[in-house]
$ cat query.csv   # CSV, C-alpha atoms
chain,number,residue,atom,x,y,z
A,1,MET,CA,0.0,0.0,0.0
A,2,ILE,CA,2.7,2.5,1.1
A,3,GLU,CA,5.0,1.3,-1.7
A,4,THR,CA,2.4,1.9,-4.4
A,5,LEU,CA,1.7,5.3,-2.9
A,6,LEU,CA,5.4,6.1,-3.0
A,7,GLN,CA,5.7,5.0,-6.6
A,8,ASN,CA,2.8,7.2,-7.5
A,9,LEU,CA,3.9,10.1,-5.3
A,10,ASP,CA,5.9,11.6,-8.2
A,11,THR,CA,2.9,11.6,-10.5
A,12,LEU,CA,0.7,12.9,-7.7
A,13,LEU,CA,3.1,15.7,-6.9
A,14,LEU,CA,3.5,16.5,-10.6
A,15,LEU,CA,-0.3,16.7,-11.0
A,16,LEU,CA,-0.6,18.9,-7.9
A,17,PHE,CA,2.2,21.3,-9.0
A,18,GLY,CA,0.7,21.4,-12.5
A,19,LEU,CA,-2.7,22.3,-11.2
A,20,CYS,CA,-1.3,25.0,-8.9
A,21,ALA,CA,0.7,26.5,-11.8
A,22,LEU,CA,-2.4,26.5,-13.9
A,23,ALA,CA,-4.4,28.1,-11.2
A,24,GLY,CA,-1.7,30.9,-10.8
A,25,ALA,CA,-1.8,31.5,-14.6
A,26,ALA,CA,-5.6,31.7,-14.6
A,27,LEU,CA,-5.5,34.2,-11.7
A,28,MET,CA,-3.2,36.4,-13.7
A,29,ILE,CA,-5.9,37.0,-16.2
A,30,VAL,CA,-8.7,37.9,-13.7
A,31,LEU,CA,-6.9,39.8,-11.0
A,32,ARG,CA,-6.9,43.6,-11.3
A,33,GLN,CA,-4.0,44.9,-9.3
A,34,PRO,CA,-0.6,44.5,-11.1
A,35,MET,CA,1.0,43.5,-7.7
A,36,ARG,CA,-1.4,40.6,-7.3
A,37,VAL,CA,-0.8,39.5,-10.9
A,38,ALA,CA,3.0,39.5,-10.1
A,39,MET,CA,2.4,37.4,-7.0
A,40,ALA,CA,0.3,34.9,-9.1
A,41,LEU,CA,3.1,34.8,-11.7
A,42,ILE,CA,5.7,34.2,-9.0
A,43,SER,CA,3.8,31.3,-7.6
A,44,THR,CA,3.3,29.8,-11.1
A,45,MET,CA,7.1,30.1,-11.6
A,46,VAL,CA,7.9,28.4,-8.3
A,47,PHE,CA,5.5,25.5,-9.0
A,48,LEU,CA,7.2,25.1,-12.4
A,49,GLY,CA,10.5,25.0,-10.7
A,50,GLY,CA,9.0,22.2,-8.5
A,51,ILE,CA,8.0,20.4,-11.7
A,52,TYR,CA,11.5,20.7,-13.1
A,53,GLY,CA,12.9,19.3,-9.9
A,54,LEU,CA,10.5,16.3,-10.1
A,55,LEU,CA,11.6,15.7,-13.6
A,56,GLY,CA,15.2,15.4,-12.5
A,57,VAL,CA,16.7,18.5,-14.1
A,58,HIS,CA,17.6,20.1,-10.8
A,59,PHE,CA,19.9,22.7,-12.3
A,60,ILE,CA,17.1,24.1,-14.5
A,61,ALA,CA,14.8,24.2,-11.4
A,62,ALA,CA,17.5,26.2,-9.5
A,63,PHE,CA,17.9,28.6,-12.4
A,64,GLN,CA,14.2,29.0,-12.8
A,65,VAL,CA,13.9,30.2,-9.2
A,66,LEU,CA,17.2,32.2,-9.2
A,67,ILE,CA,16.8,34.0,-12.5
A,68,TYR,CA,13.0,34.2,-13.0
A,69,VAL,CA,11.8,34.7,-9.5
A,70,GLY,CA,15.0,36.1,-8.1
A,71,ALA,CA,15.9,38.6,-10.8
A,72,VAL,CA,13.1,39.2,-13.3
A,73,MET,CA,10.2,39.2,-11.0
A,74,VAL,CA,11.9,41.2,-8.3
A,75,PHE,CA,12.6,43.8,-11.0
A,76,MET,CA,9.0,43.7,-12.0
A,77,VAL,CA,7.7,44.1,-8.4
A,78,TYR,CA,10.2,47.0,-7.9
A,79,VAL,CA,8.8,48.7,-11.0
A,80,ILE,CA,5.2,48.2,-9.9
A,81,MET,CA,5.9,49.8,-6.5
A,82,LEU,CA,7.9,52.6,-8.1
A,83,LEU,CA,5.2,53.5,-10.6
A,84,GLU,CA,2.3,53.2,-8.1
A,85,VAL,CA,-0.3,54.2,-10.7
A,86,ARG,CA,-3.7,53.5,-9.3
A,87,GLU,CA,-6.3,52.8,-11.9
A,88,SER,CA,-9.7,51.9,-10.4
A,89,THR,CA,-11.7,53.3,-13.3
A,90,GLY,CA,-12.2,51.6,-16.6
A,91,GLY,CA,-12.7,48.0,-17.5
A,92,LEU,CA,-10.2,45.3,-16.9
A,93,TYR,CA,-10.3,44.0,-20.5
A,94,SER,CA,-9.8,45.6,-23.8
A,95,LYS,CA,-12.2,45.5,-26.7
A,96,LEU,CA,-10.6,42.3,-28.0
A,97,LEU,CA,-12.0,40.1,-25.2
A,98,LEU,CA,-14.3,38.0,-27.3
A,99,PRO,CA,-11.8,37.4,-30.2
A,100,GLY,CA,-9.1,36.7,-27.6
A,101,LEU,CA,-11.2,34.1,-25.8
A,102,ALA,CA,-12.2,32.5,-29.1
A,103,GLY,CA,-8.5,32.3,-30.1
A,104,PHE,CA,-7.6,30.9,-26.7
A,105,VAL,CA,-10.2,28.1,-27.0
A,106,LEU,CA,-9.2,27.3,-30.6
A,107,LEU,CA,-5.5,27.2,-29.8
A,108,VAL,CA,-5.9,25.0,-26.7
A,109,GLY,CA,-8.4,22.8,-28.6
A,110,ALA,CA,-6.2,22.3,-31.7
A,111,ILE,CA,-2.9,21.7,-29.9
A,112,GLY,CA,-4.5,19.7,-27.1
A,113,ILE,CA,-6.2,17.3,-29.6
A,114,SER,CA,-3.1,16.9,-31.6
A,115,ILE,CA,-1.1,16.1,-28.4
A,116,TRP,CA,-3.8,13.7,-27.4
A,117,ARG,CA,-3.6,11.8,-30.7
A,118,SER,CA,0.1,12.0,-31.7
A,119,LEU,CA,1.8,10.7,-28.6
A,120,PRO,CA,1.7,7.0,-28.0
A,121,ALA,CA,0.4,6.6,-24.4
A,122,SER,CA,2.8,3.7,-23.8
A,123,GLU,CA,4.7,2.8,-20.7
A,124,ASP,CA,8.0,2.8,-22.6
A,125,ALA,CA,7.9,6.6,-22.8
A,126,ALA,CA,7.5,6.9,-19.1
A,127,VAL,CA,10.4,4.5,-18.4
A,128,LEU,CA,12.5,6.3,-21.0
A,129,ALA,CA,11.8,9.7,-19.4
A,130,GLY,CA,13.1,8.5,-16.0
A,131,ASP,CA,16.3,7.1,-17.6
A,132,THR,CA,17.4,10.1,-19.5
A,133,ALA,CA,17.7,12.6,-16.7
A,134,PHE,CA,21.0,14.4,-17.1
A,135,GLY,CA,23.0,16.1,-14.4
A,136,ILE,CA,24.7,19.5,-14.5
A,137,SER,CA,28.1,18.0,-15.2
A,138,THR,CA,26.9,16.3,-18.5
A,139,PHE,CA,25.1,19.5,-19.3
A,140,SER,CA,28.0,21.9,-18.7
A,141,ILE,CA,30.5,19.7,-20.6
A,142,GLU,CA,28.3,19.6,-23.6
A,143,PHE,CA,27.3,23.2,-23.2
A,144,LEU,CA,30.8,24.6,-23.3
A,145,ASN,CA,32.1,22.2,-25.8
A,146,ASP,CA,29.4,22.3,-28.5
A,147,TYR,CA,27.4,25.4,-27.8
A,148,TRP,CA,30.2,27.9,-26.8
A,149,LEU,CA,29.4,30.1,-29.7
A,150,HIS,CA,25.8,30.5,-28.6
A,151,PHE,CA,27.0,31.2,-25.1
A,152,GLU,CA,29.2,34.0,-26.4
A,153,LEU,CA,26.3,35.3,-28.5
A,154,THR,CA,24.1,35.6,-25.4
A,155,SER,CA,26.8,37.7,-23.7
A,156,VAL,CA,26.8,40.0,-26.8
A,157,LEU,CA,23.0,40.2,-26.5
A,158,LEU,CA,23.2,41.1,-22.8
A,159,VAL,CA,25.7,43.8,-23.6
A,160,ALA,CA,23.4,45.1,-26.3
A,161,ALA,CA,20.5,45.2,-23.9
A,162,VAL,CA,22.5,47.1,-21.3
A,163,VAL,CA,23.6,49.7,-23.9
A,164,ALA,CA,20.0,50.0,-25.1
A,165,ALA,CA,18.6,50.5,-21.6
A,166,LEU,CA,21.3,53.2,-21.0
A,167,ALA,CA,20.3,54.9,-24.3
A,168,VAL,CA,16.6,54.9,-23.3
A,169,ILE,CA,17.4,56.5,-20.0
A,170,ARG,CA,19.6,59.1,-21.7
A,171,VAL,CA,16.7,60.0,-24.0
A,172,SER,CA,14.4,60.6,-21.0
A,173,ARG,CA,17.1,62.8,-19.3
A,174,ARG,CA,17.6,64.9,-22.4
A,175,ARG,CA,13.8,65.4,-22.6
A,176,GLN,CA,13.7,66.5,-19.0
A,177,HIS,CA,16.4,69.1,-19.4
A,178,GLY,CA,15.5,70.5,-22.8
B,1,MET,CA,-2.7,9.6,-20.0
B,2,ASP,CA,1.0,9.5,-19.4
B,3,LYS,CA,3.3,12.1,-17.9
B,4,THR,CA,4.6,13.6,-21.2
B,5,GLN,CA,1.1,14.3,-22.4
B,6,LEU,CA,0.3,15.9,-19.1
B,7,LEU,CA,3.3,18.2,-19.1
B,8,LEU,CA,2.8,19.1,-22.8
B,9,GLY,CA,-0.8,19.9,-22.1
B,10,LEU,CA,0.2,22.1,-19.2
B,11,ALA,CA,2.8,23.9,-21.4
B,12,VAL,CA,0.1,24.6,-24.0
B,13,ALA,CA,-2.3,25.8,-21.4
B,14,LEU,CA,0.3,28.2,-19.9
B,15,PHE,CA,1.3,29.5,-23.3
B,16,ALA,CA,-2.4,30.0,-24.3
B,17,LEU,CA,-3.2,31.8,-21.1
B,18,GLY,CA,-0.2,34.1,-21.6
B,19,LEU,CA,-1.3,34.9,-25.1
B,20,LEU,CA,-4.9,35.5,-23.9
B,21,GLY,CA,-3.5,37.9,-21.2
B,22,VAL,CA,-1.5,39.8,-23.8
B,23,ILE,CA,-4.5,40.2,-26.0
B,24,VAL,CA,-7.3,41.0,-23.5
B,25,ARG,CA,-5.6,42.9,-20.7
B,26,ARG,CA,-5.1,46.6,-20.9
B,27,ASN,CA,-2.4,47.2,-18.3
B,28,VAL,CA,1.1,47.4,-19.8
B,29,LEU,CA,2.9,45.7,-16.9
B,30,VAL,CA,0.3,42.9,-16.8
B,31,MET,CA,0.9,42.3,-20.5
B,32,LEU,CA,4.6,42.1,-19.9
B,33,MET,CA,4.1,39.5,-17.2
B,34,CYS,CA,1.8,37.5,-19.5
B,35,MET,CA,4.7,37.4,-22.0
B,36,GLU,CA,6.9,36.0,-19.3
B,37,LEU,CA,4.2,33.4,-18.7
B,38,MET,CA,4.3,32.4,-22.4
B,39,LEU,CA,8.1,32.0,-22.2
B,40,ASN,CA,7.6,29.8,-19.2
B,41,GLY,CA,5.2,27.6,-21.1
B,42,VAL,CA,7.7,27.2,-23.9
B,43,ASN,CA,10.4,26.4,-21.4
B,44,LEU,CA,8.3,23.6,-19.9
B,45,SER,CA,7.7,22.0,-23.3
B,46,LEU,CA,11.4,22.2,-24.1
B,47,VAL,CA,12.4,20.6,-20.8
B,48,THR,CA,9.8,17.9,-21.4
B,49,PHE,CA,11.1,17.0,-24.8
B,50,ALA,CA,14.7,17.2,-23.6
B,51,GLN,CA,13.8,14.7,-20.8
B,52,GLN,CA,12.0,12.4,-23.2
B,53,THR,CA,14.7,12.2,-25.8
B,54,GLY,CA,17.8,12.9,-23.7
B,55,ALA,CA,18.9,15.7,-25.9
B,56,ILE,CA,21.0,18.4,-24.2
B,57,ALA,CA,20.1,20.9,-26.9
B,58,GLY,CA,16.7,21.4,-25.3
B,59,ALA,CA,18.3,22.3,-21.9
B,60,VAL,CA,20.7,24.7,-23.7
B,61,LEU,CA,17.7,26.4,-25.4
B,62,VAL,CA,16.1,26.8,-22.0
B,63,PHE,CA,19.1,28.7,-20.9
B,64,LEU,CA,19.1,30.9,-23.9
B,65,ILE,CA,15.4,31.6,-23.2
B,66,PHE,CA,16.3,32.6,-19.6
B,67,VAL,CA,18.8,35.1,-21.0
B,68,VAL,CA,16.4,36.5,-23.6
B,69,ALA,CA,13.7,36.9,-21.0
B,70,THR,CA,16.0,38.9,-18.8
B,71,ALA,CA,17.2,41.1,-21.6
B,72,GLU,CA,13.6,41.6,-22.7
B,73,ILE,CA,12.5,42.8,-19.3
B,74,ALA,CA,15.6,44.9,-18.8
B,75,LEU,CA,14.7,46.8,-22.1
B,76,ALA,CA,10.9,46.8,-21.7
B,77,ILE,CA,10.8,48.3,-18.2
B,78,PRO,CA,12.7,51.5,-19.1
B,79,ILE,CA,10.4,52.0,-22.1
B,80,VAL,CA,7.3,51.5,-19.8
B,81,LEU,CA,8.8,54.0,-17.3
B,82,LEU,CA,9.2,56.6,-20.1
B,83,LEU,CA,5.7,56.1,-21.4
B,84,VAL,CA,4.2,56.3,-17.9
B,85,ARG,CA,6.2,59.5,-17.1
B,86,ASP,CA,4.6,61.0,-20.1
B,87,LYS,CA,0.9,60.2,-19.4
B,88,ARG,CA,0.7,58.9,-15.9
B,89,THR,CA,-1.3,55.9,-16.9
B,90,LEU,CA,-0.6,52.2,-17.5
B,91,ASN,CA,-3.6,51.8,-19.7
B,92,LEU,CA,-2.5,50.9,-23.3
B,93,ASP,CA,-5.6,52.6,-24.8
B,94,ALA,CA,-4.2,55.9,-23.8
B,95,TYR,CA,-1.2,55.4,-26.1
B,96,SER,CA,-3.1,54.8,-29.3
B,97,ASP,CA,-1.7,58.1,-30.6
B,98,LEU,CA,1.6,56.2,-31.0
B,99,LYS,CA,0.1,54.6,-34.2
B,100,GLY,CA,1.8,55.7,-37.3

$ encode --input "query.csv" --output "structure tokens"
Amino acid sequence: MIETLLQNLDTLLLLLFGLCALAGAALMIVLRQPMRVAMALISTMVFLGGIYGLLGVHFIAAFQVLIYVGAVMVFMVYVIMLLEVRESTGGLYSKLLLPGLAGFVLLVGAIGISIWRSLPASEDAAVLAGDTAFGISTFSIEFLNDYWLHFELTSVLLVAAVVAALAVIRVSRRRQHG
Amino acid sequence: MDKTQLLLGLAVALFALGLLGVIVRRNVLVMLMCMELMLNGVNLSLVTFAQQTGAIAGAVLVFLIFVVATAEIALAIPIVLLLVRDKRTLNLDAYSDLKG
């Protein structure tokens, strides 16, 4: 009894984390205040990190929490508190609510049905998924041997982003003075 | 229903919810956060496929998406700050005069 429970615990936790992530994402659409939306997004990201941990890619789980929750969302929360624009008037949704909902249903339906049909629901796939978990050493060796060019390109991209952000700030300063 | 299908379904749902948020919400910051949600959905599908096939390339792509998301936010936030300083509102309808 306990053994079967422990065997299914992974799947159970996966289901639980997935449902929680989905609930957070759905809350993002309906909540009004940006700060609450940010909190819902943070919870979604943390649950996704839990899913990555359950899948065995622990380094991606760590980076999900470190980079997304630690850097990106902290920045976002900081900006929300900095701006502090209160907007109680006006509707929550734009005029595109109905087309957006229709597109949402179509997209989920189309891809969902194709996922349902295309993947063989065999037990081999599940066994395979458990076997191919790779650790950070395998990942880093392959990353820096085969993908070093992409790694360097990302550093170029980051430098470009920093320069662009500085340029935007300079534009705003010039406008203030002149 | 096996684990891969479950995870892929979750990834599609997250992506679609993010897209819905970008389309229907009017708050600029909320739209940006919904874009992050879309990236998260794509990340989940990449990790699932990398797990299933044992390909490292999927995990590498996840890292590149992390970097791109960070750069995107670092650029988008100053632009939002500039816009808001101009009109004191986060509502995108107020900026329709930016149309060409």

$ closest_residue --input "query.csv" --among "A:Leu144, A:Ile115, A:Arg36, A:Ala71" --to "Asp2 of chain B" --atoms "only C-alpha atoms"
A:Ile115

$ interface_residues --input "query.csv" --of "chain A" --to "chain B" --cutoff "7 Å" --atoms "only C-alpha atoms" --output "JSON, numbers by chain"
{"A": [18, 22, 25, 26, 29, 34, 37, 72, 85, 92, 93, 94, 96, 97, 100, 101, 104, 107, 108, 112, 115, 121, 126, 128, 129, 132, 133, 139, 143, 154, 158, 161, 164, 165, 168, 169, 172]}

$ write_last_selection --input "query.csv" --atoms "C-alpha atoms" --output "compact mmCIF listing (two decimals), in the coordinates of the input"
# COMPACT_ATOMS: atom_id res chain seq x y z
CA GLY A 18 0.70 21.40 -12.50
CA LEU A 22 -2.40 26.50 -13.90
CA ALA A 25 -1.80 31.50 -14.60
CA ALA A 26 -5.60 31.70 -14.60
CA ILE A 29 -5.90 37.00 -16.20
CA PRO A 34 -0.60 44.50 -11.10
CA VAL A 37 -0.80 39.50 -10.90
CA VAL A 72 13.10 39.20 -13.30
CA VAL A 85 -0.30 54.20 -10.70
CA LEU A 92 -10.20 45.30 -16.90
CA TYR A 93 -10.30 44.00 -20.50
CA SER A 94 -9.80 45.60 -23.80
CA LEU A 96 -10.60 42.30 -28.00
CA LEU A 97 -12.00 40.10 -25.20
CA GLY A 100 -9.10 36.70 -27.60
CA LEU A 101 -11.20 34.10 -25.80
CA PHE A 104 -7.60 30.90 -26.70
CA LEU A 107 -5.50 27.20 -29.80
CA VAL A 108 -5.90 25.00 -26.70
CA GLY A 112 -4.50 19.70 -27.10
CA ILE A 115 -1.10 16.10 -28.40
CA ALA A 121 0.40 6.60 -24.40
CA ALA A 126 7.50 6.90 -19.10
CA LEU A 128 12.50 6.30 -21.00
CA ALA A 129 11.80 9.70 -19.40
CA THR A 132 17.40 10.10 -19.50
CA ALA A 133 17.70 12.60 -16.70
CA PHE A 139 25.10 19.50 -19.30
CA PHE A 143 27.30 23.20 -23.20
CA THR A 154 24.10 35.60 -25.40
CA LEU A 158 23.20 41.10 -22.80
CA ALA A 161 20.50 45.20 -23.90
CA ALA A 164 20.00 50.00 -25.10
CA ALA A 165 18.60 50.50 -21.60
CA VAL A 168 16.60 54.90 -23.30
CA ILE A 169 17.40 56.50 -20.00
CA SER A 172 14.40 60.60 -21.00

$ closest_residue --input "query.csv" --among "A:Ile42, A:Leu5, A:Leu83, A:Ile136" --to "His58 of chain A" --atoms "all atoms listed in the file"
A:Ile136

$ atom_distance --input "query.csv" --atom1 "atom CA of Ser114 of chain A" --atom2 "atom CA of Val57 of chain A"
26.5 Å
